[in-house]
Amino acid sequence: MTDGRRDWAPASINVDQPSSARVWDYFLGGSHNFAVDREVAEAAIAFKPDMPELARQVRMFLHRAVRTAAAAGVDQYLDIGAGVPTMGPVHEVARETRPGARVVYVDHDPVAVAHGVAMLAGDPDAAFVQADARSPRAILDDPRVRALIDFDRPVAVLLCSLLHFVADADDPAGIVATLRDALAPGSFLILQHASHDGQPRETIAMLEMWNAKSPEPMTWRTAGEIEALLDGFTPLTPGVVPMPLWRPLPEEAERAAQHSDRYASYAAVAVKPGASG
């Protein structure tokens with residue numbers, strides 16, 4: 001083996017094949033990754049040294065968005081493409097405002113699932129489900145999802161660092177539409193998506209390197225293509241914007257304005273219109 005198999009690593013995992021969830025865990029300073037993941041991560045950092053900061057910024061956006069949904073009264077969360085839950089997972093952030101908030105995490109990576117299941121053991125209001133975002137109907141119909149999420153009431157669905165791993169042929173708009181149609185009015189969609197808009201050559205080279213090495217190639221989309229994914233939702237102010245500009249905290253605002261394109265990523269939070277009661 002390239003890397004020692006640890007207690008949290010299921011026997012079925014191929015430790016010689018990188019995973020986007022585990023590479024992301026490495027960027028965030030986690031330990032749930034293997035040598036092959038670290039090799040890809042370090043190669044990405046060589047092209048774009050602020051990749052770990054990008055991962056932290058995505059997490060900070062997620063926290064701001066979840067707090068926005070919680071402040072609006074949402075107490076149910078479906079985090080699809082959750083990765084290895086770390087740095088303030090959704091259930092902890094949501095429960096700051098909504099004690100008892102119910103959260104289901106979904107990921108296809110077995111390491112992310114194994115760690116998530118262990119982390120959530122003993123928590124009756126949270127679960128971690130192994131499933132593929134390309135099959136949204138299967139996620140919605142999963143009995144563990146149905147046991148915690150009441151789709152007759154508003155739900156916040158998180159699609160952060162996910163849809164850029166869904167190729168056009170796998171119909172990302174159809175995935176979002178299937179989720180949207182299952183949601184009650186007043187539900188939230190929290191979206192973050194990588195983009196090549198305005199990016200320098202070294203950032204594009206990092207994408208090409210990733211796609212050459214990874215079994216999970218990325219499809220970067222323009223702001224217009226990302227906005228189209230929100231069809232049927234009403235974006236909250238400020239709309240689809242470079243990720244740091246989505247409602248930064250006061251102490252972050254100046255830096256966000258100066259480096260808004262640095263993270264090659266757009267973010268948005270949108271609401272399904274209609275009465276929520």
# chains A, B, ... in the order shown; residues from 1 in each chain; ligands from 1
$ residues_around --residues "Val90 (chain A)" --least-positions-apart "3" --cutoff "10 Å" --atoms "only C-alpha atoms" --output "ChimeraX atom specification"
/A:59,62-63,66-67,77-79,82,85-87,93-95,101-105,126,158
$ write_last_selection --atoms "N, CA, C and O atoms" --output "mmCIF file, in the first residue's frame"
data_model
loop_
_atom_site.group_PDB
_atom_site.id
_atom_site.type_symbol
_atom_site.label_atom_id
_atom_site.label_comp_id
_atom_site.auth_asym_id
_atom_site.auth_seq_id
_atom_site.Cartn_x
_atom_site.Cartn_y
_atom_site.Cartn_z
ATOM 1 N N ARG A 59 -15.449 27.362 3.324
ATOM 2 C CA ARG A 59 -16.056 27.008 4.621
ATOM 3 C C ARG A 59 -16.651 28.248 5.283
ATOM 4 O O ARG A 59 -17.722 28.186 5.891
ATOM 5 N N LEU A 62 -19.898 28.993 3.611
ATOM 6 C CA LEU A 62 -20.898 28.028 4.075
ATOM 7 C C LEU A 62 -21.446 28.450 5.436
ATOM 8 O O LEU A 62 -22.660 28.415 5.668
ATOM 9 N N HIS A 63 -20.573 28.860 6.335
ATOM 10 C CA HIS A 63 -21.026 29.280 7.665
ATOM 11 C C HIS A 63 -21.946 30.492 7.569
ATOM 12 O O HIS A 63 -22.997 30.544 8.231
ATOM 13 N N VAL A 66 -25.350 29.311 6.071
ATOM 14 C CA VAL A 66 -26.147 28.518 7.007
ATOM 15 C C VAL A 66 -26.747 29.414 8.088
ATOM 16 O O VAL A 66 -27.919 29.265 8.460
ATOM 17 N N ARG A 67 -25.971 30.350 8.572
ATOM 18 C CA ARG A 67 -26.508 31.270 9.586
ATOM 19 C C ARG A 67 -27.635 32.132 9.015
ATOM 20 O O ARG A 67 -28.599 32.461 9.720
ATOM 21 N N TYR A 77 -31.442 20.697 7.142
ATOM 22 C CA TYR A 77 -30.340 20.934 6.211
ATOM 23 C C TYR A 77 -29.947 19.634 5.524
ATOM 24 O O TYR A 77 -29.811 18.590 6.177
ATOM 25 N N LEU A 78 -29.754 19.719 4.209
ATOM 26 C CA LEU A 78 -29.300 18.588 3.407
ATOM 27 C C LEU A 78 -28.035 19.027 2.686
ATOM 28 O O LEU A 78 -28.084 19.827 1.759
ATOM 29 N N ASP A 79 -26.890 18.533 3.161
ATOM 30 C CA ASP A 79 -25.581 18.951 2.659
ATOM 31 C C ASP A 79 -25.065 17.878 1.712
ATOM 32 O O ASP A 79 -24.563 16.833 2.152
ATOM 33 N N ALA A 82 -20.826 16.752 0.933
ATOM 34 C CA ALA A 82 -20.342 17.345 2.190
ATOM 35 C C ALA A 82 -18.846 17.172 2.398
ATOM 36 O O ALA A 82 -18.218 17.985 3.073
ATOM 37 N N PRO A 85 -16.484 16.066 7.113
ATOM 38 C CA PRO A 85 -17.005 17.191 7.910
ATOM 39 C C PRO A 85 -15.960 17.712 8.886
ATOM 40 O O PRO A 85 -15.481 16.998 9.764
ATOM 41 N N THR A 86 -15.582 18.961 8.715
ATOM 42 C CA THR A 86 -14.532 19.548 9.539
ATOM 43 C C THR A 86 -14.716 21.051 9.588
ATOM 44 O O THR A 86 -15.542 21.606 8.879
ATOM 45 N N MET A 87 -13.968 21.734 10.428
ATOM 46 C CA MET A 87 -13.983 23.194 10.523
ATOM 47 C C MET A 87 -15.387 23.759 10.681
ATOM 48 O O MET A 87 -15.845 24.564 9.891
ATOM 49 N N VAL A 93 -23.077 24.703 13.237
ATOM 50 C CA VAL A 93 -23.351 26.098 12.888
ATOM 51 C C VAL A 93 -24.849 26.376 12.959
ATOM 52 O O VAL A 93 -25.280 27.386 13.525
ATOM 53 N N ALA A 94 -25.660 25.489 12.396
ATOM 54 C CA ALA A 94 -27.109 25.702 12.402
ATOM 55 C C ALA A 94 -27.668 25.733 13.812
ATOM 56 O O ALA A 94 -28.569 26.530 14.127
ATOM 57 N N ARG A 95 -27.124 24.882 14.675
ATOM 58 C CA ARG A 95 -27.671 24.788 16.030
ATOM 59 C C ARG A 95 -27.281 25.967 16.918
ATOM 60 O O ARG A 95 -27.835 26.106 18.014
ATOM 61 N N ALA A 101 -31.640 21.522 15.287
ATOM 62 C CA ALA A 101 -31.697 21.473 13.822
ATOM 63 C C ALA A 101 -31.276 20.087 13.331
ATOM 64 O O ALA A 101 -30.341 19.485 13.861
ATOM 65 N N ARG A 102 -31.976 19.612 12.331
ATOM 66 C CA ARG A 102 -31.697 18.294 11.771
ATOM 67 C C ARG A 102 -30.856 18.447 10.499
ATOM 68 O O ARG A 102 -31.152 19.297 9.665
ATOM 69 N N VAL A 103 -29.852 17.592 10.377
ATOM 70 C CA VAL A 103 -28.912 17.703 9.260
ATOM 71 C C VAL A 103 -28.612 16.315 8.708
ATOM 72 O O VAL A 103 -28.313 15.391 9.478
ATOM 73 N N VAL A 104 -28.694 16.193 7.383
ATOM 74 C CA VAL A 104 -28.230 14.981 6.707
ATOM 75 C C VAL A 104 -27.097 15.374 5.767
ATOM 76 O O VAL A 104 -27.249 16.265 4.929
ATOM 77 N N TYR A 105 -25.955 14.743 5.941
ATOM 78 C CA TYR A 105 -24.804 14.920 5.059
ATOM 79 C C TYR A 105 -24.808 13.799 4.024
ATOM 80 O O TYR A 105 -25.151 12.646 4.340
ATOM 81 N N ALA A 126 -28.889 13.926 13.309
ATOM 82 C CA ALA A 126 -27.952 14.068 12.195
ATOM 83 C C ALA A 126 -27.600 12.693 11.664
ATOM 84 O O ALA A 126 -27.579 11.701 12.404
ATOM 85 N N LEU A 158 -27.495 22.335 0.547
ATOM 86 C CA LEU A 158 -26.164 22.872 0.289
ATOM 87 C C LEU A 158 -25.515 22.100 -0.842
ATOM 88 O O LEU A 158 -25.447 20.866 -0.810
#
$ residues_around --residues "Gly239 (chain A)" --least-positions-apart "3" --cutoff "12 Å" --atoms "only C-alpha atoms" --output "list in words"
Ile190, Leu191, Gln192, Ala223, Gly224, Ile226, Glu227, Ala228, Leu230, Phe233, Thr234, Pro235, Leu236, Pro242, Met243, Leu245, Trp246, Arg247, Tyr266, Ala267, Ala268, Val269, Ala270 and Val271 of chain A
$ select_by_dssp --residues "region 86-261 of chain A" --states "helix (DSSP H, G or I)" --output "tab-separated table (two decimals) with N, CA, C and O atoms, in the first residue's frame"
chain	number	residue	atom	x	y	z
A	90	VAL	N	-22.01	21.67	9.45
A	90	VAL	CA	-23.29	22.35	9.32
A	90	VAL	C	-24.15	22.22	10.57
A	90	VAL	O	-24.78	23.19	11.01
A	91	HIS	N	-24.19	21.02	11.16
A	91	HIS	CA	-25.09	20.85	12.31
A	91	HIS	C	-24.66	21.74	13.48
A	91	HIS	O	-25.52	22.25	14.21
A	92	GLU	N	-23.36	21.93	13.65
A	92	GLU	CA	-22.91	22.80	14.74
A	92	GLU	C	-23.26	24.26	14.47
A	92	GLU	O	-23.71	24.98	15.37
A	93	VAL	N	-23.08	24.70	13.24
A	93	VAL	CA	-23.35	26.10	12.89
A	93	VAL	C	-24.85	26.38	12.96
A	93	VAL	O	-25.28	27.39	13.53
A	94	ALA	N	-25.66	25.49	12.40
A	94	ALA	CA	-27.11	25.70	12.40
A	94	ALA	C	-27.67	25.73	13.81
A	94	ALA	O	-28.57	26.53	14.13
A	95	ARG	N	-27.12	24.88	14.67
A	95	ARG	CA	-27.67	24.79	16.03
A	95	ARG	C	-27.28	25.97	16.92
A	95	ARG	O	-27.83	26.11	18.01
A	96	GLU	N	-26.34	26.79	16.45
A	96	GLU	CA	-26.08	28.03	17.19
A	96	GLU	C	-27.35	28.88	17.27
A	96	GLU	O	-27.61	29.56	18.26
A	97	THR	N	-28.13	28.84	16.19
A	97	THR	CA	-29.36	29.63	16.10
A	97	THR	C	-30.60	28.76	16.27
A	97	THR	O	-31.59	29.20	16.86
A	110	PRO	N	-16.18	7.05	0.46
A	110	PRO	CA	-16.33	6.22	1.65
A	110	PRO	C	-15.55	6.72	2.86
A	110	PRO	O	-15.96	6.48	4.00
A	111	VAL	N	-14.43	7.42	2.67
A	111	VAL	CA	-13.70	7.98	3.81
A	111	VAL	C	-14.51	9.08	4.46
A	111	VAL	O	-14.64	9.16	5.69
A	112	ALA	N	-15.07	9.97	3.65
A	112	ALA	CA	-15.91	11.03	4.19
A	112	ALA	C	-17.07	10.43	4.96
A	112	ALA	O	-17.42	10.89	6.07
A	113	VAL	N	-17.68	9.40	4.41
A	113	VAL	CA	-18.83	8.77	5.07
A	113	VAL	C	-18.40	8.10	6.37
A	113	VAL	O	-19.06	8.25	7.40
A	114	ALA	N	-17.29	7.35	6.34
A	114	ALA	CA	-16.84	6.65	7.54
A	114	ALA	C	-16.55	7.62	8.67
A	114	ALA	O	-16.94	7.40	9.82
A	115	HIS	N	-15.86	8.72	8.34
A	115	HIS	CA	-15.55	9.71	9.36
A	115	HIS	C	-16.83	10.39	9.84
A	115	HIS	O	-17.01	10.62	11.04
A	116	GLY	N	-17.74	10.72	8.91
A	116	GLY	CA	-18.98	11.38	9.29
A	116	GLY	C	-19.85	10.52	10.18
A	116	GLY	O	-20.42	11.00	11.17
A	117	VAL	N	-19.96	9.25	9.84
A	117	VAL	CA	-20.77	8.34	10.66
A	117	VAL	C	-20.20	8.25	12.07
A	117	VAL	O	-20.95	8.29	13.07
A	118	ALA	N	-18.88	8.15	12.18
A	118	ALA	CA	-18.26	8.09	13.51
A	118	ALA	C	-18.48	9.39	14.28
A	118	ALA	O	-18.77	9.37	15.48
A	119	MET	N	-18.35	10.52	13.59
A	119	MET	CA	-18.50	11.81	14.25
A	119	MET	C	-19.92	12.01	14.77
A	119	MET	O	-20.13	12.62	15.83
A	120	LEU	N	-20.90	11.51	14.04
A	120	LEU	CA	-22.30	11.76	14.37
A	120	LEU	C	-22.91	10.67	15.24
A	120	LEU	O	-24.11	10.74	15.57
A	136	PRO	N	-30.06	12.37	-7.73
A	136	PRO	CA	-30.72	13.12	-6.66
A	136	PRO	C	-32.01	12.46	-6.18
A	136	PRO	O	-32.35	12.58	-5.00
A	137	ARG	N	-32.71	11.78	-7.07
A	137	ARG	CA	-33.95	11.13	-6.64
A	137	ARG	C	-33.66	10.06	-5.59
A	137	ARG	O	-34.42	9.89	-4.63
A	138	ALA	N	-32.56	9.34	-5.77
A	138	ALA	CA	-32.19	8.31	-4.79
A	138	ALA	C	-31.88	8.94	-3.44
A	138	ALA	O	-32.19	8.36	-2.38
A	139	ILE	N	-31.25	10.12	-3.45
A	139	ILE	CA	-30.97	10.83	-2.19
A	139	ILE	C	-32.28	11.23	-1.52
A	139	ILE	O	-32.48	10.99	-0.31
A	140	LEU	N	-33.18	11.81	-2.28
A	140	LEU	CA	-34.45	12.28	-1.72
A	140	LEU	C	-35.28	11.13	-1.17
A	140	LEU	O	-36.03	11.31	-0.20
A	141	ASP	N	-35.18	9.96	-1.78
A	141	ASP	CA	-35.99	8.81	-1.37
A	141	ASP	C	-35.32	7.95	-0.32
A	141	ASP	O	-35.94	6.99	0.18
A	143	PRO	N	-34.36	6.31	2.94
A	143	PRO	CA	-35.11	6.31	4.19
A	143	PRO	C	-34.44	7.06	5.33
A	143	PRO	O	-35.11	7.62	6.21
A	144	ARG	N	-33.10	7.12	5.32
A	144	ARG	CA	-32.41	7.87	6.38
A	144	ARG	C	-32.60	9.36	6.18
A	144	ARG	O	-32.68	10.12	7.16
A	145	VAL	N	-32.69	9.79	4.93
A	145	VAL	CA	-32.99	11.19	4.65
A	145	VAL	C	-34.43	11.49	5.07
A	145	VAL	O	-34.70	12.49	5.77
A	146	ARG	N	-35.35	10.64	4.68
A	146	ARG	CA	-36.76	10.85	4.99
A	146	ARG	C	-37.04	10.80	6.48
A	146	ARG	O	-37.98	11.44	6.97
A	147	ALA	N	-36.22	10.05	7.21
A	147	ALA	CA	-36.44	9.95	8.66
A	147	ALA	C	-36.14	11.26	9.37
A	147	ALA	O	-36.71	11.54	10.44
A	148	LEU	N	-35.26	12.08	8.81
A	148	LEU	CA	-34.86	13.33	9.46
A	148	LEU	C	-35.41	14.58	8.79
A	148	LEU	O	-35.60	15.60	9.46
A	163	LEU	N	-21.00	20.97	-7.76
A	163	LEU	CA	-21.48	20.90	-9.14
A	163	LEU	C	-20.38	21.09	-10.16
A	163	LEU	O	-20.54	20.68	-11.32
A	164	HIS	N	-19.23	21.67	-9.78
A	164	HIS	CA	-18.13	21.71	-10.75
A	164	HIS	C	-17.49	20.34	-10.94
A	164	HIS	O	-16.64	20.18	-11.82
A	165	PHE	N	-17.89	19.35	-10.16
A	165	PHE	CA	-17.47	17.98	-10.39
A	165	PHE	C	-18.52	17.19	-11.17
A	165	PHE	O	-18.37	15.98	-11.35
A	168	ASP	N	-21.23	18.40	-17.84
A	168	ASP	CA	-22.44	18.81	-18.54
A	168	ASP	C	-23.29	17.61	-18.95
A	168	ASP	O	-24.52	17.67	-18.92
A	169	ALA	N	-22.62	16.52	-19.33
A	169	ALA	CA	-23.35	15.32	-19.76
A	169	ALA	C	-24.19	14.71	-18.65
A	169	ALA	O	-25.16	13.98	-18.92
A	170	ASP	N	-23.83	15.01	-17.39
A	170	ASP	CA	-24.59	14.49	-16.25
A	170	ASP	C	-25.67	15.45	-15.79
A	170	ASP	O	-26.30	15.23	-14.74
A	172	PRO	N	-26.17	18.95	-14.66
A	172	PRO	CA	-26.25	19.61	-13.35
A	172	PRO	C	-27.54	20.40	-13.15
A	172	PRO	O	-28.09	20.44	-12.05
A	173	ALA	N	-28.06	21.02	-14.23
A	173	ALA	CA	-29.32	21.76	-14.10
A	173	ALA	C	-30.46	20.81	-13.75
A	173	ALA	O	-31.34	21.16	-12.94
A	174	GLY	N	-30.46	19.62	-14.31
A	174	GLY	CA	-31.48	18.64	-13.98
A	174	GLY	C	-31.39	18.17	-12.54
A	174	GLY	O	-32.42	17.92	-11.89
A	175	ILE	N	-30.17	18.05	-12.04
A	175	ILE	CA	-29.98	17.67	-10.63
A	175	ILE	C	-30.60	18.72	-9.72
A	175	ILE	O	-31.36	18.40	-8.80
A	176	VAL	N	-30.28	19.99	-9.99
A	176	VAL	CA	-30.82	21.07	-9.16
A	176	VAL	C	-32.34	21.12	-9.29
A	176	VAL	O	-33.06	21.31	-8.29
A	177	ALA	N	-32.87	20.93	-10.49
A	177	ALA	CA	-34.31	20.98	-10.69
A	177	ALA	C	-35.03	19.86	-9.93
A	177	ALA	O	-36.11	20.08	-9.35
A	178	THR	N	-34.44	18.67	-9.91
A	178	THR	CA	-35.04	17.56	-9.16
A	178	THR	C	-35.10	17.89	-7.67
A	178	THR	O	-36.12	17.65	-7.01
A	179	LEU	N	-34.03	18.46	-7.16
A	179	LEU	CA	-34.02	18.87	-5.75
A	179	LEU	C	-35.03	19.98	-5.51
A	179	LEU	O	-35.81	19.94	-4.54
A	180	ARG	N	-35.03	20.98	-6.39
A	180	ARG	CA	-35.96	22.12	-6.24
A	180	ARG	C	-37.41	21.66	-6.18
A	180	ARG	O	-38.19	22.11	-5.34
A	181	ASP	N	-37.77	20.74	-7.07
A	181	ASP	CA	-39.16	20.31	-7.15
A	181	ASP	C	-39.61	19.55	-5.91
A	181	ASP	O	-40.81	19.45	-5.64
A	182	ALA	N	-38.66	19.01	-5.17
A	182	ALA	CA	-38.99	18.27	-3.94
A	182	ALA	C	-39.11	19.18	-2.73
A	182	ALA	O	-39.57	18.74	-1.66
A	201	ARG	N	-3.44	32.49	-16.23
A	201	ARG	CA	-3.03	31.24	-16.87
A	201	ARG	C	-2.64	30.18	-15.85
A	201	ARG	O	-2.94	29.00	-16.03
A	202	GLU	N	-1.99	30.57	-14.74
A	202	GLU	CA	-1.55	29.56	-13.78
A	202	GLU	C	-2.74	28.86	-13.12
A	202	GLU	O	-2.65	27.68	-12.75
A	203	THR	N	-3.84	29.57	-12.96
A	203	THR	CA	-5.02	28.94	-12.38
A	203	THR	C	-5.63	27.95	-13.37
A	203	THR	O	-6.05	26.85	-12.98
A	204	ILE	N	-5.68	28.31	-14.64
A	204	ILE	CA	-6.17	27.39	-15.65
A	204	ILE	C	-5.27	26.17	-15.73
A	204	ILE	O	-5.74	25.04	-15.89
A	205	ALA	N	-3.96	26.37	-15.59
A	205	ALA	CA	-3.02	25.25	-15.61
A	205	ALA	C	-3.27	24.31	-14.43
A	205	ALA	O	-3.14	23.09	-14.56
A	206	MET	N	-3.66	24.86	-13.28
A	206	MET	CA	-3.97	24.02	-12.12
A	206	MET	C	-5.18	23.14	-12.43
A	206	MET	O	-5.19	21.95	-12.09
A	207	LEU	N	-6.19	23.70	-13.08
A	207	LEU	CA	-7.37	22.92	-13.46
A	207	LEU	C	-6.96	21.79	-14.41
A	207	LEU	O	-7.40	20.64	-14.23
A	208	GLU	N	-6.15	22.10	-15.38
A	208	GLU	CA	-5.73	21.09	-16.33
A	208	GLU	C	-4.93	19.99	-15.64
A	208	GLU	O	-5.08	18.80	-15.96
A	209	MET	N	-4.09	20.37	-14.68
A	209	MET	CA	-3.32	19.38	-13.92
A	209	MET	C	-4.27	18.49	-13.13
A	209	MET	O	-4.15	17.25	-13.12
A	210	TRP	N	-5.25	19.11	-12.45
A	210	TRP	CA	-6.21	18.33	-11.65
A	210	TRP	C	-6.95	17.34	-12.53
A	210	TRP	O	-7.07	16.15	-12.21
A	211	ASN	N	-7.45	17.82	-13.66
A	211	ASN	CA	-8.24	16.96	-14.52
A	211	ASN	C	-7.41	15.82	-15.11
A	211	ASN	O	-7.94	14.75	-15.40
A	212	ALA	N	-6.11	16.05	-15.26
A	212	ALA	CA	-5.24	15.00	-15.78
A	212	ALA	C	-4.97	13.92	-14.75
A	212	ALA	O	-4.77	12.75	-15.09
A	213	LYS	N	-4.98	14.28	-13.47
A	213	LYS	CA	-4.61	13.34	-12.41
A	213	LYS	C	-5.81	12.71	-11.70
A	213	LYS	O	-5.69	11.65	-11.09
A	223	ALA	N	-20.23	32.82	-14.80
A	223	ALA	CA	-21.25	33.36	-13.89
A	223	ALA	C	-22.64	33.15	-14.46
A	223	ALA	O	-23.58	32.79	-13.72
A	224	GLY	N	-22.81	33.36	-15.77
A	224	GLY	CA	-24.12	33.17	-16.38
A	224	GLY	C	-24.59	31.74	-16.31
A	224	GLY	O	-25.77	31.47	-16.06
A	225	GLU	N	-23.68	30.79	-16.54
A	225	GLU	CA	-24.05	29.37	-16.46
A	225	GLU	C	-24.40	28.98	-15.04
A	225	GLU	O	-25.32	28.17	-14.81
A	226	ILE	N	-23.71	29.55	-14.07
A	226	ILE	CA	-24.01	29.24	-12.67
A	226	ILE	C	-25.34	29.86	-12.28
A	226	ILE	O	-26.17	29.21	-11.59
A	227	GLU	N	-25.59	31.07	-12.71
A	227	GLU	CA	-26.88	31.71	-12.40
A	227	GLU	C	-28.04	30.91	-12.98
A	227	GLU	O	-29.11	30.81	-12.36
A	228	ALA	N	-27.84	30.30	-14.15
A	228	ALA	CA	-28.89	29.50	-14.76
A	228	ALA	C	-29.26	28.29	-13.91
A	228	ALA	O	-30.40	27.80	-13.98
A	243	MET	N	-17.13	34.60	-4.53
A	243	MET	CA	-17.45	34.05	-3.22
A	243	MET	C	-17.17	34.97	-2.03
A	243	MET	O	-18.02	35.10	-1.14
A	244	PRO	N	-16.02	35.66	-1.97
A	244	PRO	CA	-15.78	36.51	-0.80
A	244	PRO	C	-16.78	37.66	-0.65
A	244	PRO	O	-16.90	38.22	0.43
A	245	LEU	N	-17.47	38.00	-1.74
A	245	LEU	CA	-18.38	39.14	-1.71
A	245	LEU	C	-19.80	38.77	-1.29
A	245	LEU	O	-20.66	39.64	-1.21
A	250	PRO	N	-18.21	42.18	8.70
A	250	PRO	CA	-17.58	43.51	8.64
A	250	PRO	C	-16.07	43.47	8.64
A	250	PRO	O	-15.42	44.21	7.89
A	251	GLU	N	-15.51	42.57	9.44
A	251	GLU	CA	-14.05	42.52	9.52
A	251	GLU	C	-13.42	41.88	8.28
A	251	GLU	O	-12.21	41.94	8.08
A	252	GLU	N	-14.25	41.25	7.41
A	252	GLU	CA	-13.74	40.62	6.20
A	252	GLU	C	-13.97	41.47	4.96
A	252	GLU	O	-13.40	41.20	3.90
A	253	ALA	N	-14.82	42.51	5.07
A	253	ALA	CA	-15.32	43.21	3.89
A	253	ALA	C	-14.22	43.85	3.06
A	253	ALA	O	-14.21	43.75	1.83
A	254	GLU	N	-13.28	44.53	3.71
A	254	GLU	CA	-12.24	45.23	2.97
A	254	GLU	C	-11.37	44.26	2.19
A	254	GLU	O	-11.08	44.46	1.00
A	255	ARG	N	-10.94	43.19	2.85
A	255	ARG	CA	-10.11	42.19	2.17
A	255	ARG	C	-10.89	41.51	1.05
A	255	ARG	O	-10.35	41.26	-0.03
A	256	ALA	N	-12.17	41.24	1.28
A	256	ALA	CA	-12.99	40.60	0.26
A	256	ALA	C	-13.07	41.45	-0.99
A	256	ALA	O	-12.96	40.95	-2.12
A	257	ALA	N	-13.24	42.75	-0.82
A	257	ALA	CA	-13.35	43.65	-1.96
A	257	ALA	C	-12.04	43.71	-2.75
A	257	ALA	O	-12.05	43.87	-3.98
A	258	GLN	N	-10.92	43.57	-2.08
A	258	GLN	CA	-9.62	43.66	-2.73
A	258	GLN	C	-9.24	42.38	-3.47
A	258	GLN	O	-8.43	42.42	-4.38
$ select_by_dssp --residues "region 103-232 of chain A" --states "strand (DSSP E)" --output "list in words"
Val103, Val104, Tyr105, Val106, Asp107, Ala126, Ala127, Phe128, Val129, Gln130, Ala156, Val157, Leu158, Leu159, Cys160, Phe188, Leu189, Ile190, Leu191, Gln192, His193 and Ala194 of chain A
$ atom_distance --atom1 "CA of Leu183 (chain A)" --atom2 "CA of Gly122 (chain A)"
27.7 Å
$ atom_distance --atom1 "CA of Ala194 (chain A)" --atom2 "CA of Gly81 (chain A)"
14.2 Å
$ atom_distance --atom1 "CA of Ala133 (chain A)" --atom2 "CA of Ile80 (chain A)"
6.7 Å
$ residues_around --residues "Tyr26 (chain A)" --least-positions-apart "2" --cutoff "12 Å" --atoms "only C-alpha atoms" --output "ChimeraX atom specification"
/A:18-24,28-42,44-45,51-53,55-56,83-84,86
